[in-house]
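As provided, protein08.csv (CSV, C-alpha atoms) reads as follows.
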```
chain,number,residue,atom,x,y,z
A,1,MET,CA,47.5,13.0,9.5
A,2,ARG,CA,45.8,9.7,8.8
A,3,ASN,CA,46.7,8.6,12.3
A,4,ASP,CA,44.8,11.6,13.7
A,5,TYR,CA,41.7,10.7,11.7
A,6,GLN,CA,42.1,7.1,12.8
A,7,ARG,CA,42.3,8.1,16.4
A,8,GLU,CA,39.4,10.4,16.1
A,9,PHE,CA,37.3,7.6,14.5
A,10,GLU,CA,38.3,5.1,17.2
A,11,SER,CA,37.4,7.6,19.9
A,12,LEU,CA,34.0,8.1,18.3
A,13,GLN,CA,33.5,4.4,17.9
A,14,HIS,CA,34.4,3.9,21.6
A,15,SER,CA,31.8,6.4,22.6
A,16,TRP,CA,29.3,4.8,20.2
A,17,LYS,CA,29.7,1.4,21.8
A,18,ALA,CA,29.7,2.8,25.4
A,19,ASN,CA,26.5,2.8,27.5
A,20,GLU,CA,25.6,-0.8,27.2
A,21,GLU,CA,22.8,-1.7,29.5
A,22,GLU,CA,23.0,-5.5,29.5
A,23,SER,CA,20.2,-6.1,32.0
A,24,SER,CA,17.6,-4.1,30.1
A,25,LEU,CA,18.8,-5.7,26.8
A,26,SER,CA,18.2,-9.2,28.1
A,27,GLU,CA,14.7,-8.1,29.3
A,28,LEU,CA,14.0,-6.7,25.9
A,29,GLN,CA,15.1,-9.9,24.2
A,30,SER,CA,12.9,-12.1,26.3
A,31,ARG,CA,10.0,-9.7,25.5
A,32,VAL,CA,10.8,-10.2,21.8
A,33,ARG,CA,10.9,-13.9,22.2
A,34,LYS,CA,7.4,-14.0,23.7
A,35,GLU,CA,6.2,-11.7,20.9
A,36,VAL,CA,7.7,-13.9,18.2
A,37,THR,CA,6.0,-17.0,19.7
A,38,SER,CA,2.7,-15.2,19.9
A,39,ARG,CA,2.9,-14.0,16.3
A,40,ARG,CA,3.5,-17.3,14.7
A,41,SER,CA,-0.2,-17.5,14.0
A,42,THR,CA,-1.1,-14.8,11.4
A,43,SER,CA,-3.0,-11.9,12.8
A,44,LYS,CA,-6.1,-10.7,11.0
A,45,PRO,CA,-5.8,-7.1,9.6
A,46,ALA,CA,-7.9,-4.4,11.1
A,47,ARG,CA,-9.8,-3.9,7.9
A,48,PHE,CA,-11.2,-7.4,8.1
A,49,PHE,CA,-12.9,-6.3,11.3
A,50,VAL,CA,-14.1,-3.0,9.7
A,51,VAL,CA,-15.7,-4.8,6.8
A,52,ALA,CA,-17.1,-7.6,8.9
A,53,PHE,CA,-18.7,-5.0,11.2
A,54,LEU,CA,-20.3,-3.1,8.3
A,55,TRP,CA,-21.5,-6.3,6.7
A,56,THR,CA,-23.0,-7.7,9.9
A,57,THR,CA,-24.7,-4.4,10.8
A,58,GLY,CA,-26.2,-4.1,7.4
A,59,LEU,CA,-27.5,-7.7,7.4
A,60,LEU,CA,-28.9,-7.3,10.9
A,61,LEU,CA,-30.7,-4.1,9.9
A,62,MET,CA,-32.2,-5.7,6.9
A,63,ALA,CA,-33.2,-8.9,8.8
A,64,THR,CA,-34.8,-6.9,11.5
A,65,TYR,CA,-36.9,-4.6,9.3
A,66,ARG,CA,-37.5,-6.9,6.3
A,67,GLN,CA,-41.3,-6.8,6.7
A,68,TYR,CA,-41.3,-3.1,6.3
A,69,LEU,CA,-39.0,-3.0,3.3
A,70,HIS,CA,-41.6,-3.6,0.5
A,71,GLY,CA,-39.5,-3.5,-2.7
A,72,ASN,CA,-36.5,-1.8,-1.2
A,73,LEU,CA,-34.6,-4.9,0.1
A,74,GLY,CA,-32.7,-5.5,-3.1
A,75,PHE,CA,-31.8,-1.9,-3.5
A,76,LEU,CA,-30.5,-1.5,0.1
A,77,ALA,CA,-28.7,-4.8,-0.1
A,78,LEU,CA,-26.9,-3.5,-3.2
A,79,ALA,CA,-26.1,-0.3,-1.4
A,80,MET,CA,-24.6,-2.3,1.5
A,81,GLY,CA,-22.7,-4.5,-0.9
A,82,LEU,CA,-21.2,-1.4,-2.5
A,83,LEU,CA,-20.3,0.1,0.8
A,84,VAL,CA,-18.6,-3.1,1.9
A,85,LEU,CA,-16.7,-3.2,-1.4
A,86,ALA,CA,-15.6,0.4,-0.9
A,87,ALA,CA,-14.5,-0.2,2.7
A,88,TRP,CA,-12.5,-3.2,1.6
A,89,LEU,CA,-11.0,-1.5,-1.4
A,90,GLY,CA,-10.2,1.8,0.4
A,91,THR,CA,-8.5,0.2,3.4
A,92,SER,CA,-6.7,-2.6,1.5
A,93,SER,CA,-2.9,-2.7,1.6
A,94,SER,CA,-0.7,-3.2,-1.4
A,95,GLY,CA,1.4,-5.6,0.7
A,96,SER,CA,4.8,-4.7,2.1
A,97,ALA,CA,7.9,-3.9,0.2
A,98,PRO,CA,10.5,-6.8,0.5
A,99,LEU,CA,12.3,-6.3,3.7
A,100,ALA,CA,15.6,-7.5,2.3
A,101,ALA,CA,15.6,-4.9,-0.5
A,102,LYS,CA,18.2,-2.2,-0.7
A,103,PRO,CA,17.1,0.6,1.6
A,104,GLN,CA,16.7,3.1,-1.2
A,105,GLU,CA,14.9,0.6,-3.3
A,106,TYR,CA,12.8,-0.2,-0.2
A,107,ILE,CA,11.7,3.4,0.1
A,108,ARG,CA,10.8,3.6,-3.6
A,109,LEU,CA,8.8,0.4,-3.5
A,110,ARG,CA,7.0,1.5,-0.4
A,111,ALA,CA,6.2,4.8,-2.1
A,112,GLU,CA,4.8,3.0,-5.1
A,113,ASN,CA,2.7,0.8,-2.8
A,114,LYS,CA,1.4,3.9,-1.1
A,115,THR,CA,0.5,5.5,-4.4
A,116,ARG,CA,-1.5,2.4,-5.4
A,117,GLU,CA,-3.3,2.3,-2.0
A,118,LEU,CA,-4.1,6.0,-2.4
A,119,ARG,CA,-5.6,5.4,-5.8
A,120,ARG,CA,-7.8,2.6,-4.5
A,121,THR,CA,-8.9,4.8,-1.6
A,122,ARG,CA,-9.9,7.5,-4.1
A,123,ILE,CA,-12.0,5.0,-6.1
A,124,ALA,CA,-13.6,3.7,-2.8
A,125,GLN,CA,-14.5,7.3,-1.9
A,126,PHE,CA,-16.1,7.7,-5.3
A,127,ILE,CA,-18.2,4.6,-4.7
A,128,VAL,CA,-19.3,5.8,-1.3
A,129,VAL,CA,-20.3,9.2,-2.7
A,130,LEU,CA,-22.2,7.5,-5.4
A,131,VAL,CA,-24.1,5.3,-2.9
A,132,LEU,CA,-24.8,8.4,-0.7
A,133,ALA,CA,-26.1,10.3,-3.8
A,134,ILE,CA,-28.4,7.4,-4.8
A,135,LEU,CA,-29.7,6.9,-1.2
A,136,LEU,CA,-30.4,10.6,-0.8
A,137,GLY,CA,-31.9,10.8,-4.3
A,138,ALA,CA,-34.1,7.8,-3.7
A,139,THR,CA,-35.3,9.2,-0.3
A,140,TRP,CA,-36.0,12.6,-1.9
A,141,PHE,CA,-37.9,10.9,-4.8
A,142,SER,CA,-40.0,8.6,-2.5
A,143,ARG,CA,-40.9,11.6,-0.4
A,144,LYS,CA,-41.8,13.7,-3.4
A,145,ALA,CA,-43.8,10.9,-5.0
A,146,ASP,CA,-45.3,10.0,-1.6
A,147,LEU,CA,-44.4,6.3,-2.0
A,148,HIS,CA,-45.0,3.7,0.7
A,149,ILE,CA,-44.0,5.7,3.8
A,150,ALA,CA,-46.3,3.8,6.0
A,151,SER,CA,-44.4,3.8,9.2
A,152,TRP,CA,-41.2,5.0,10.9
A,153,GLN,CA,-39.6,1.7,10.2
A,154,ASP,CA,-39.8,2.4,6.4
A,155,GLU,CA,-37.4,5.3,6.9
A,156,LEU,CA,-35.2,3.7,9.6
A,157,LEU,CA,-33.5,1.2,7.4
A,158,PRO,CA,-32.5,3.6,4.7
A,159,ALA,CA,-31.3,6.0,7.4
A,160,GLY,CA,-29.2,3.2,8.9
A,161,VAL,CA,-27.6,2.4,5.6
A,162,LEU,CA,-27.1,6.2,5.2
A,163,LEU,CA,-25.3,6.3,8.5
A,164,ILE,CA,-23.1,3.4,7.6
A,165,ALA,CA,-22.3,5.2,4.3
A,166,LEU,CA,-21.3,8.3,6.2
A,167,ALA,CA,-19.2,6.3,8.7
A,168,THR,CA,-17.5,4.6,5.8
A,169,SER,CA,-16.9,7.9,4.1
A,170,ALA,CA,-15.3,9.3,7.4
A,171,ILE,CA,-13.1,6.2,7.7
A,172,LEU,CA,-11.9,6.6,4.1
A,173,ILE,CA,-11.2,10.4,4.6
A,174,ILE,CA,-9.0,9.5,7.6
A,175,VAL,CA,-7.2,6.7,5.7
A,176,ARG,CA,-6.6,8.8,2.7
A,177,GLY,CA,-5.2,11.7,4.7
A,178,SER,CA,-2.8,9.4,6.5
A,179,ARG,CA,-1.7,7.7,3.3
A,180,ARG,CA,-1.1,11.1,1.6
A,181,LYS,CA,1.0,12.3,4.5
A,182,GLU,CA,3.0,9.0,4.5
A,183,LEU,CA,3.6,9.2,0.7
A,184,ALA,CA,4.8,12.8,1.0
A,185,TYR,CA,7.2,11.7,3.8
A,186,LEU,CA,8.5,8.8,1.7
A,187,ARG,CA,9.1,11.2,-1.2
A,188,GLU,CA,11.0,13.5,1.0
A,189,LEU,CA,13.0,10.6,2.3
A,190,ASN,CA,13.7,9.4,-1.2
A,191,ASN,CA,14.8,13.0,-2.1
A,192,GLN,CA,17.5,12.8,0.6
A,193,PHE,CA,19.0,9.7,-1.1
A,194,GLU,CA,18.6,11.0,-4.7
A,195,SER,CA,20.1,14.4,-3.9
A,196,LEU,CA,23.1,12.5,-2.6
A,197,ASP,CA,23.4,10.6,-5.9
A,198,HIS,CA,23.5,13.9,-7.8
A,199,GLN,CA,26.1,15.5,-5.6
A,200,SER,CA,29.7,15.3,-6.8
A,201,LEU,CA,31.2,13.4,-3.9
A,202,PRO,CA,34.9,13.1,-3.4
A,203,SER,CA,35.9,9.5,-4.0
A,204,HIS,CA,39.0,9.7,-1.9
A,205,SER,CA,40.0,11.8,1.1
A,206,PRO,CA,42.5,11.4,3.8
A,207,ASP,CA,40.0,10.5,6.5
A,208,LEU,CA,38.6,7.5,4.6
A,209,HIS,CA,39.0,4.6,6.9
A,210,ASP,CA,38.3,1.1,5.7
A,211,PRO,CA,39.1,-1.4,8.4
A,212,SER,CA,39.4,-4.1,5.8
A,213,GLN,CA,42.4,-2.3,4.2
A,214,GLU,CA,44.4,-2.5,7.4
B,1,MET,CA,30.2,-9.9,21.6
B,2,ALA,CA,30.0,-9.8,17.8
B,3,ILE,CA,29.2,-12.9,16.0
B,4,GLU,CA,31.2,-14.1,13.0
B,5,PRO,CA,29.4,-13.3,9.7
B,6,ILE,CA,27.7,-16.3,8.1
B,7,THR,CA,28.8,-16.2,4.5
B,8,SER,CA,27.2,-18.0,1.6
B,9,ASP,CA,30.0,-20.6,1.5
B,10,VAL,CA,29.0,-21.8,5.0
B,11,ARG,CA,25.3,-21.6,4.3
B,12,SER,CA,25.2,-25.4,3.9
B,13,GLU,CA,26.3,-25.7,7.5
B,14,THR,CA,23.6,-23.4,8.7
B,15,SER,CA,20.9,-25.1,6.7
B,16,SER,CA,20.8,-27.9,9.1
B,17,GLU,CA,20.3,-25.5,12.0
B,18,SER,CA,16.6,-24.9,12.9
B,19,ARG,CA,15.1,-21.5,12.1
B,20,GLU,CA,14.7,-20.9,15.9
B,21,ALA,CA,18.3,-21.7,16.6
B,22,LEU,CA,19.6,-19.6,13.7
B,23,TYR,CA,17.4,-16.7,14.7
B,24,GLU,CA,18.5,-16.9,18.3
B,25,ARG,CA,22.2,-17.1,17.4
B,26,VAL,CA,22.2,-14.2,14.9
B,27,LEU,CA,19.9,-11.9,16.9
B,28,THR,CA,21.5,-12.5,20.2
B,29,GLY,CA,25.0,-11.9,18.8
B,30,ASN,CA,24.0,-8.6,17.2
B,31,ALA,CA,21.4,-7.4,19.8
B,32,PRO,CA,23.6,-4.6,21.2
B,33,ALA,CA,24.4,-3.3,17.7
B,34,ILE,CA,20.8,-3.5,16.6
B,35,ARG,CA,19.6,-1.6,19.6
B,36,ARG,CA,22.2,1.1,18.9
B,37,LEU,CA,20.9,1.2,15.3
B,38,ALA,CA,17.4,1.5,16.6
B,39,ALA,CA,18.5,4.3,18.9
B,40,SER,CA,19.9,6.3,16.0
B,41,TYR,CA,16.4,6.4,14.4
B,42,THR,CA,14.4,7.2,17.6
B,43,THR,CA,14.6,9.7,20.4
B,44,THR,CA,13.2,7.9,23.4
B,45,ALA,CA,14.1,4.7,25.1
B,46,SER,CA,10.6,3.2,24.7
B,47,ASP,CA,10.5,4.0,20.9
B,48,ARG,CA,14.0,2.5,20.6
B,49,ASP,CA,12.9,-0.7,22.3
B,50,ASP,CA,9.6,-0.9,20.3
B,51,LEU,CA,11.7,-0.5,17.1
B,52,PHE,CA,14.1,-3.2,18.3
B,53,GLN,CA,11.1,-5.5,18.8
B,54,GLU,CA,9.8,-4.7,15.3
B,55,ILE,CA,13.2,-5.5,13.8
B,56,ALA,CA,13.5,-8.8,15.6
B,57,ILE,CA,10.0,-9.8,14.5
B,58,ALA,CA,10.7,-8.7,10.9
B,59,PHE,CA,14.0,-10.7,10.9
B,60,TRP,CA,12.1,-13.8,12.2
B,61,GLN,CA,9.5,-13.4,9.4
B,62,ALA,CA,12.2,-12.8,6.7
B,63,LEU,CA,14.5,-15.6,7.8
B,64,PRO,CA,12.8,-18.3,5.5
B,65,ALA,CA,13.4,-16.0,2.5
B,66,PHE,CA,17.2,-15.8,3.2
B,67,ARG,CA,18.9,-17.1,0.0
B,68,GLY,CA,22.5,-17.0,1.3
B,69,ASP,CA,23.7,-14.4,-1.2
B,70,SER,CA,25.0,-12.3,1.6
B,71,SER,CA,26.0,-12.9,5.3
B,72,LEU,CA,23.1,-13.3,7.8
B,73,ARG,CA,24.6,-10.4,9.7
B,74,THR,CA,24.3,-8.2,6.5
B,75,TYR,CA,20.8,-9.5,6.0
B,76,LEU,CA,19.8,-8.6,9.6
B,77,PHE,CA,21.2,-5.1,9.3
B,78,ARG,CA,19.5,-4.5,6.0
B,79,ILE,CA,16.2,-5.6,7.5
B,80,ALA,CA,16.9,-3.4,10.5
B,81,HIS,CA,17.5,-0.3,8.4
B,82,ASN,CA,14.4,-1.0,6.2
B,83,ARG,CA,12.2,-1.6,9.3
B,84,SER,CA,13.5,1.6,10.8
B,85,LEU,CA,12.7,3.6,7.6
B,86,ALA,CA,9.2,2.1,7.6
B,87,MET,CA,8.8,3.1,11.2
B,88,LEU,CA,10.0,6.7,10.4
B,89,SER,CA,7.5,7.0,7.5
B,90,ARG,CA,4.6,5.5,9.5
B,91,LYS,CA,5.1,7.8,12.4
B,92,ARG,CA,6.3,10.6,10.2
B,93,LEU,CA,9.1,11.5,12.6
B,94,PRO,CA,11.1,14.6,11.7
B,95,LEU,CA,13.9,13.8,9.3
B,96,ASP,CA,16.3,16.3,10.9
B,97,PRO,CA,15.2,16.3,14.5
B,98,VAL,CA,16.5,19.1,16.8
B,99,ASP,CA,17.4,16.8,19.6
B,100,ASP,CA,16.9,18.1,23.0
B,101,GLY,CA,18.9,15.3,24.3
B,102,LEU,CA,22.1,16.9,23.0
B,103,ASP,CA,22.9,18.6,26.2
B,104,ALA,CA,20.7,16.5,28.5
B,105,PRO,CA,22.7,15.4,31.5
B,106,ASP,CA,22.7,11.7,32.3
B,107,THR,CA,21.5,11.4,35.9
B,108,ARG,CA,21.7,7.6,36.3
B,109,PRO,CA,24.0,6.6,39.2
B,110,GLY,CA,27.5,5.2,38.6
B,111,PRO,CA,31.1,5.9,38.9
B,112,GLU,CA,32.3,9.2,37.5
B,113,GLU,CA,34.1,7.6,34.6
B,114,GLN,CA,31.0,5.6,33.6
B,115,LEU,CA,28.9,8.7,33.8
B,116,LEU,CA,31.2,10.6,31.6
B,117,GLU,CA,31.2,7.7,29.1
B,118,ARG,CA,27.4,7.7,29.0
B,119,GLN,CA,27.3,11.4,28.5
B,120,LYS,CA,29.7,11.2,25.6
B,121,HIS,CA,27.6,8.4,24.1
B,122,ASN,CA,24.4,10.4,24.5
B,123,GLN,CA,26.0,13.4,22.9
B,124,LEU,CA,27.3,11.4,20.0
B,125,MET,CA,23.9,9.7,19.5
B,126,ALA,CA,22.2,13.1,19.5
B,127,MET,CA,24.6,14.4,16.9
B,128,ILE,CA,24.1,11.3,14.7
B,129,ARG,CA,20.4,11.7,14.8
B,130,ARG,CA,20.9,15.1,13.3
B,131,LEU,CA,22.6,13.7,10.2
B,132,PRO,CA,20.7,13.0,7.0
B,133,ILE,CA,19.5,9.4,6.9
B,134,PRO,CA,22.0,8.2,4.2
B,135,TYR,CA,24.9,9.6,6.2
B,136,ARG,CA,23.5,8.2,9.5
B,137,GLN,CA,23.2,4.8,8.0
B,138,VAL,CA,26.8,4.7,6.8
B,139,ILE,CA,28.4,6.1,9.9
B,140,THR,CA,26.5,3.8,12.3
B,141,LEU,CA,27.5,0.7,10.3
B,142,ALA,CA,31.2,1.9,10.3
B,143,PHE,CA,31.0,2.3,14.1
B,144,GLU,CA,29.9,-1.3,14.3
B,145,GLY,CA,33.2,-2.2,12.7
B,146,MET,CA,31.9,-3.1,9.3
B,147,ASP,CA,34.3,-2.7,6.4
B,148,TYR,CA,33.3,-0.8,3.2
B,149,ALA,CA,32.3,-4.0,1.3
B,150,GLU,CA,30.0,-5.0,4.1
B,151,ILE,CA,28.4,-1.6,4.4
B,152,ALA,CA,28.0,-1.5,0.6
B,153,ASP,CA,26.3,-4.8,0.8
B,154,VAL,CA,23.9,-3.8,3.6
B,155,LEU,CA,22.9,-0.5,1.9
B,156,GLY,CA,23.1,-1.7,-1.7
B,157,ILE,CA,25.5,1.0,-2.8
B,158,GLU,CA,28.9,1.1,-4.5
B,159,ILE,CA,31.9,0.7,-2.3
B,160,GLY,CA,33.2,4.2,-3.5
B,161,ASN,CA,29.9,5.7,-2.3
B,162,VAL,CA,30.5,4.3,1.1
B,163,GLY,CA,33.8,6.1,1.4
B,164,ALA,CA,32.3,9.3,0.1
B,165,ARG,CA,29.2,9.2,2.4
B,166,LEU,CA,31.4,8.4,5.3
B,167,THR,CA,33.7,11.4,4.7
B,168,ARG,CA,30.6,13.6,4.5
B,169,ALA,CA,29.1,12.1,7.6
B,170,ARG,CA,32.4,12.6,9.6
B,171,GLY,CA,32.7,16.1,8.3
B,172,LEU,CA,29.2,16.9,9.5
B,173,LEU,CA,29.8,15.3,12.8
B,174,ARG,CA,33.0,17.4,13.2
B,175,THR,CA,31.0,20.5,12.5
B,176,LEU,CA,28.3,19.6,15.0
B,177,MET,CA,31.0,18.9,17.6
B,178,LYS,CA,32.6,22.3,17.0
B,179,GLU,CA,29.2,23.9,17.3
B,180,LYS,CA,28.7,22.2,20.6
B,181,LYS,CA,32.1,23.3,21.9
B,182,GLY,CA,31.9,26.8,20.5
```

Just give me the structure as structure tokens.
Amino acid sequence: MRNDYQREFESLQHSWKANEEESSLSELQSRVRKEVTSRRSTSKPARFFVVAFLWTTGLLLMATYRQYLHGNLGFLALAMGLLVLAAWLGTSSSGSAPLAAKPQEYIRLRAENKTRELRRTRIAQFIVVLVLAILLGATWFSRKADLHIASWQDELLPAGVLLIALATSAILIIVRGSRRKELAYLRELNNQFESLDHQSLPSHSPDLHDPSQE
Amino acid sequence: MAIEPITSDVRSETSSESREALYERVLTGNAPAIRRLAASYTTTASDRDDLFQEIAIAFWQALPAFRGDSSLRTYLFRIAHNRSLAMLSRKRLPLDPVDDGLDAPDTRPGPEEQLLERQKHNQLMAMIRRLPIPYRQVITLAFEGMDYAEIADVLGIEIGNVGARLTRARGLLRTLMKEKKG
């Protein structure tokens, strides 16, 4: 009986190891070598560019239209600062789980990281909504009170910051959606492992085959 | 060609070896096995090769953190499984894929015997992809010739659980094979 199981295992193992494509494997390895060499210098994360872009756009807008800003420069600079902070916070990563952790532990740590990232994205979204509300409120108030709307440039800068706020909000919605889906996936994956732990598994059966016991 | 596991007691010998040489030796020796492992998590050849590349880079990056409390082979396989799980969650690939490749004929040229071997391999791979991840992990490591202790070390589970999971995995494989024949 045990020999049958052994034969079956060996046959499966043979099929598993068949289909070696040596040529494509060596090509793949040389591709990997090149990639490893090119990655020795640390790559900048995408969020660095997002935040740098926002910051530069805001500064350029303010520099271009500073003569029309009257007393609004400080206010808009603060709004831009908050938007940059939100973009940084909302897209920041909690780092990666240690790659050498046990796979089940790795999934748990990754899920924990994702939960923290999701929380930060929510806080960032709140900041953006707050900035949007203040910008819209201030625009509404200045129109109502008929304050210093001397030319089209007076409105252009707040509109530019408003656009940046809307773009940041859109980015954060996408990031949050993606993180939520990944977290749900990780939980499902974790459930697969945990459900195994709770199953009463047979500790011995005739087809257990440990090569080390031979 | 499988390399000999580098155990903690020979770590002192490897410490004089440069990171590049160590990486090259361990990865080259295990490349076919790692590519098969990557194939068990993916359904297309390009995804498999991309995953292989991710694993290789992750191994390179994790190499300085190797403390020698397991063999380097175990370390590589653990990283390979974790990197594969990360890829699964990032791409949110189905956890129980209905693999169209199960009955896909292999059309590459070759002698009839070789062709048959490839078809058997593809069918087995397709069935393995339908196993729940914990079973998939155990059976693929067993097929690579690892013993229970080594599998337990890679997956961080009790040796008894390895046997139990392997029994379940083989049972499920048998059922899938019967389904295919029936």

Practice problem: Name the closest residue to A:Tyr106 among the candidates A:Ser169, A:Ser15, A:Gln29, A:Asn190; distances are taken between atoms, counting all atoms listed in the file. | Solution: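 Under the stated criterion, the closest residue is A:Asn190.
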
At a cut-off of 7 Å, can you tabulate as CSV every residue of chain B near chain A together with its closest atom pair and the distance in Å to one decimal, using only C-alpha atoms and ordering rows by chain then number?
```
residue,atom,partner,partner_atom,distance
B:Gln53,CA,A:Val32,CA,5.6
B:Ala56,CA,A:Val32,CA,6.9
B:Ile57,CA,A:Val36,CA,6.0
B:Tyr75,CA,A:Ala100,CA,6.7
B:Arg78,CA,A:Ala100,CA,6.2
B:Ile79,CA,A:Leu99,CA,5.5
B:His81,CA,A:Pro103,CA,6.9
B:Asn82,CA,A:Pro103,CA,5.6
B:Ser89,CA,A:Glu182,CA,5.8
B:Arg90,CA,A:Glu182,CA,6.3
B:Arg92,CA,A:Tyr185,CA,6.6
B:Glu117,CA,A:Ala18,CA,6.3
B:Arg118,CA,A:Asn19,CA,5.2
B:Lys120,CA,A:Ser15,CA,6.0
B:His121,CA,A:Ser15,CA,4.9
B:Leu124,CA,A:Trp16,CA,6.9
B:Pro134,CA,A:Phe193,CA,6.3
B:Phe143,CA,A:Gln13,CA,5.0
B:Asp147,CA,A:Ser212,CA,5.3
B:Tyr148,CA,A:Asp210,CA,5.9
B:Leu155,CA,A:Lys102,CA,5.6
B:Gly156,CA,A:Lys102,CA,5.0
B:Gly160,CA,A:Ser203,CA,6.0
B:Gly163,CA,A:Leu208,CA,5.9
B:Ala164,CA,A:Ser203,CA,5.5
B:Thr167,CA,A:Leu208,CA,6.3
```

Practice problem: Could you check how far atom CA of B:Gly68 sits from atom CA of B:Val154, in Å to one decimal? | Solution: 13.5 Å
